[in-house]
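Okay, so here's the structure we're looking at.
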Amino acid sequence: MKKLLVITGFVVFGVIIQFLIWNGIINNYYAQVFTLMSIFIILATSLNLINGITGQFSLGHAGFAAVGGYFSAIVTTRLDLGLSDFTTFLLALLVGGLVAAFAGFLIGLPTLRLRGDYLAIATLGFGEIIRVLFLNWKYVGAASGMWGIPGYTNFLWAYLVAVVTVLFIVNFMHTSHGRACLSIREDEIAAETMGINTTKYKVIAFTFGAFFAGVAGGIFAHLIRLLHPQSFTFMFSVEILLMVVLGGLGSITGSIAAAILLTTLTEALRQFSELRMVIYALMLIGIMIFRPQGLLGTKELSADSMVKWWAWIKKLLGRTKRVGEQVDNTKDS
């Protein structure tokens with residue numbers, strides 16, 4: 001019952017924000033920023049399923065987003081299905097996600113037998129291969145990009161998909177399959193010794209992560225209304241990875257917080273585009289030195305933890321106030 005109330009509250013919050021956008025209280029610029037936040041939440045949490053929960057090191061998430069974006073755009077621009085806009089967009093997102101999941105399965109089956117740096121190099125190579133393929137595929141515009149994509153995406157669409165993504169991943173973590181993925185993260189050799197098919201569960205996590213990345217790519221395509229291979233470079237994967245590392249590997253709420261923070265930071269630094277990647281690099285170095293486990297580590301932010309934090313902050317403020325009073329009394333005497 002408590003979970004149902006929380007979910008209902010999040011949905012109502014999204015509907016209220018969309019209502020404010022429709023009535024012009026929130027302008028189009030901020031509406032797009034909120035929509036991008038939702039898209040990056042989908043991307044960050046889905047990558048966290050691979051990197052944080054299962055303990056693999058993937059650098060090809062931009063490739064899955066590109067696959068989902070292009071194939072969803074093919075459904076809405078190249079095919080005449082005779083369906084309503086709502087049904088067409090829903091079908092496009094599903095097709096984009098499924099094609100990306102299929103690509104994730106095909107890539108994951110051979111590469112997930114690798115570990116560490118070798119897996120990172122293999123997934124990085126996959127992302128670049130996908131980008132080059134779209135760069136030379138004339139059916140989707142090749143180097144000119146894919147134009148004329150209908151603008152079906154609004155904040156509510158992206159927000160609801162983000163809520164569904166988070167719910168799915170959180171519930172997956174509490175299943176036997178999710179616990180198997182967590183055991184692989186903690187000690188892959190011990191998991192194999194206990195009879196867990198590590199390759200199978202790594203491929204499952206990789207496929208699910210690719211599916212949601214593809215859906216996010218479809219939402220992104222119908223928000224920007226233009227797709228170009230340069231939108232899905234290696235640096236795009238690095239931005240998503242930074243959100244996961246900043247939030248904490250294995251923490252879903254950490255990924256959400258980091259996605260919101262870095263999207264806001266990106267918009268604030270848009271006029272200093274040359275310095276943005278420098279600041280990202282310095283932030284990543286700082287995290288590795290001072291907080292290698294990320295903002296939340298593997299912990300999750302909950303209502304109970306927020307109450308504890310607030311009690312700790314009040315206690316700290318009370319101590320500071322008492323110290324200040326003692327200093328004042330000493331000066332007076």
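Letters A, B, ... go to the chains of the structure tokens in the order shown; residues in each chain start at 1; ligands are counted from 1 in the same order.
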Taking 4 positions as the minimum chain separation for residues in the same chain, which residues sit within 6 Å of stretch 230-239 of chain A when counting only C-alpha atoms? Answer as a PyMOL selection string. chain A and resi 59+61-62
Requested write-out: C-alpha atoms of the selected residues, as a short mmCIF file (atom, residue, chain, number, x, y, z; two decimals), in the first residue's frame:
data_model
loop_
_atom_site.label_atom_id
_atom_site.label_comp_id
_atom_site.auth_asym_id
_atom_site.auth_seq_id
_atom_site.Cartn_x
_atom_site.Cartn_y
_atom_site.Cartn_z
CA LEU A 59 31.02 2.00 -22.53
CA HIS A 61 25.34 2.82 -23.99
CA ALA A 62 25.30 5.60 -26.59
#
Item checked: Which of stretch 31-129 of chain A fall in alpha helix (DSSP H), as JSON, numbers by chain -> {"A": [31, 32, 33, 34, 35, 36, 37, 38, 39, 40, 41, 42, 43, 44, 45, 46, 47, 48, 61, 62, 63, 64, 65, 66, 67, 68, 69, 70, 71, 72, 73, 74, 75, 76, 77, 85, 86, 87, 88, 89, 90, 91, 92, 93, 94, 95, 96, 97, 98, 99, 100, 101, 102, 103, 104, 105, 106, 107, 108, 109, 110, 111, 117, 118, 119, 120, 121, 122, 123, 124, 125, 126, 127, 128, 129]}
Please report as a Markdown table every residue of stretch 78-137 of chain A lying within 7 Å of stretch 205-210 of chain A, along with the nearest atom pair and their distance in Å (one decimal), using only C-alpha atoms.
| residue | atom | partner | partner_atom | distance |
| --- | --- | --- | --- | --- |
| A:Ala100 | CA | A:Ala210 | CA | 5.6 |
| A:Ala101 | CA | A:Thr207 | CA | 4.9 |
| A:Gly104 | CA | A:Thr207 | CA | 5.0 |
| A:Phe105 | CA | A:Thr207 | CA | 5.3 |
| A:Gly108 | CA | A:Phe206 | CA | 6.4 |
Mind writing the picked residues with N, CA and C atoms as a PDB file, in the first residue's frame?
ATOM      1  N   ALA A 100      17.117  -2.439 -29.933  1.00  0.00           N
ATOM      2  CA  ALA A 100      18.294  -2.186 -29.091  1.00  0.00           C
ATOM      3  C   ALA A 100      18.570  -3.370 -28.172  1.00  0.00           C
ATOM      4  N   ALA A 101      17.510  -3.980 -27.623  1.00  0.00           N
ATOM      5  CA  ALA A 101      17.683  -5.154 -26.763  1.00  0.00           C
ATOM      6  C   ALA A 101      18.273  -6.321 -27.550  1.00  0.00           C
ATOM      7  N   GLY A 104      21.807  -5.611 -27.990  1.00  0.00           N
ATOM      8  CA  GLY A 104      22.483  -5.866 -26.718  1.00  0.00           C
ATOM      9  C   GLY A 104      22.719  -7.344 -26.482  1.00  0.00           C
ATOM     10  N   PHE A 105      21.734  -8.161 -26.868  1.00  0.00           N
ATOM     11  CA  PHE A 105      21.873  -9.615 -26.719  1.00  0.00           C
ATOM     12  C   PHE A 105      22.981 -10.148 -27.619  1.00  0.00           C
ATOM     13  N   GLY A 108      26.264  -8.775 -26.266  1.00  0.00           N
ATOM     14  CA  GLY A 108      26.571  -9.243 -24.925  1.00  0.00           C
ATOM     15  C   GLY A 108      26.968 -10.698 -24.854  1.00  0.00           C
TER      16      GLY A 108
END
Distance query A:Asp85 at most 12 Å, only C-alpha atoms, self and fewer than 2 positions along chain excluded, as a tab-separated table (two decimals) with C-alpha atoms, in the first residue's frame:
chain	number	residue	atom	x	y	z
A	75	VAL	CA	8.58	3.73	-37.64
A	76	THR	CA	7.21	7.29	-37.39
A	77	THR	CA	8.74	8.77	-40.56
A	80	ASP	CA	2.64	4.65	-43.04
A	81	LEU	CA	0.80	2.50	-40.51
A	82	GLY	CA	-2.48	4.41	-40.48
A	83	LEU	CA	-2.54	4.53	-36.67
A	87	THR	CA	-0.35	4.43	-30.90
A	88	THR	CA	2.34	5.14	-33.50
A	89	PHE	CA	4.65	6.73	-30.93
A	90	LEU	CA	4.08	3.92	-28.43
A	91	LEU	CA	4.82	1.34	-31.14
A	92	ALA	CA	7.92	3.29	-32.23
A	150	PRO	CA	7.56	14.28	-35.55
A	151	GLY	CA	7.75	15.97	-32.14
A	152	TYR	CA	5.67	13.48	-30.20
A	153	THR	CA	7.75	13.69	-27.03
A	222	HIS	CA	11.10	12.68	-31.03
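Shortest atom-to-atom contact with A:Phe155 among A:Thr35, A:Ile289, A:Ile26, A:Leu114: A:Thr35, counting only C-alpha atoms.
Atom CA of A:Gly55 to atom CA of A:Gly116 spans 9.3 Å [interatomic distance, one decimal].
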From atom CA of A:Gly145 to atom CA of A:Arg225 the spacing works out at 10.5 Å
Among A:Gln32, A:Ile74, A:Leu112, A:Gly218, A:Gly148 is approached most closely, using only C-alpha atoms, by A:Ile74
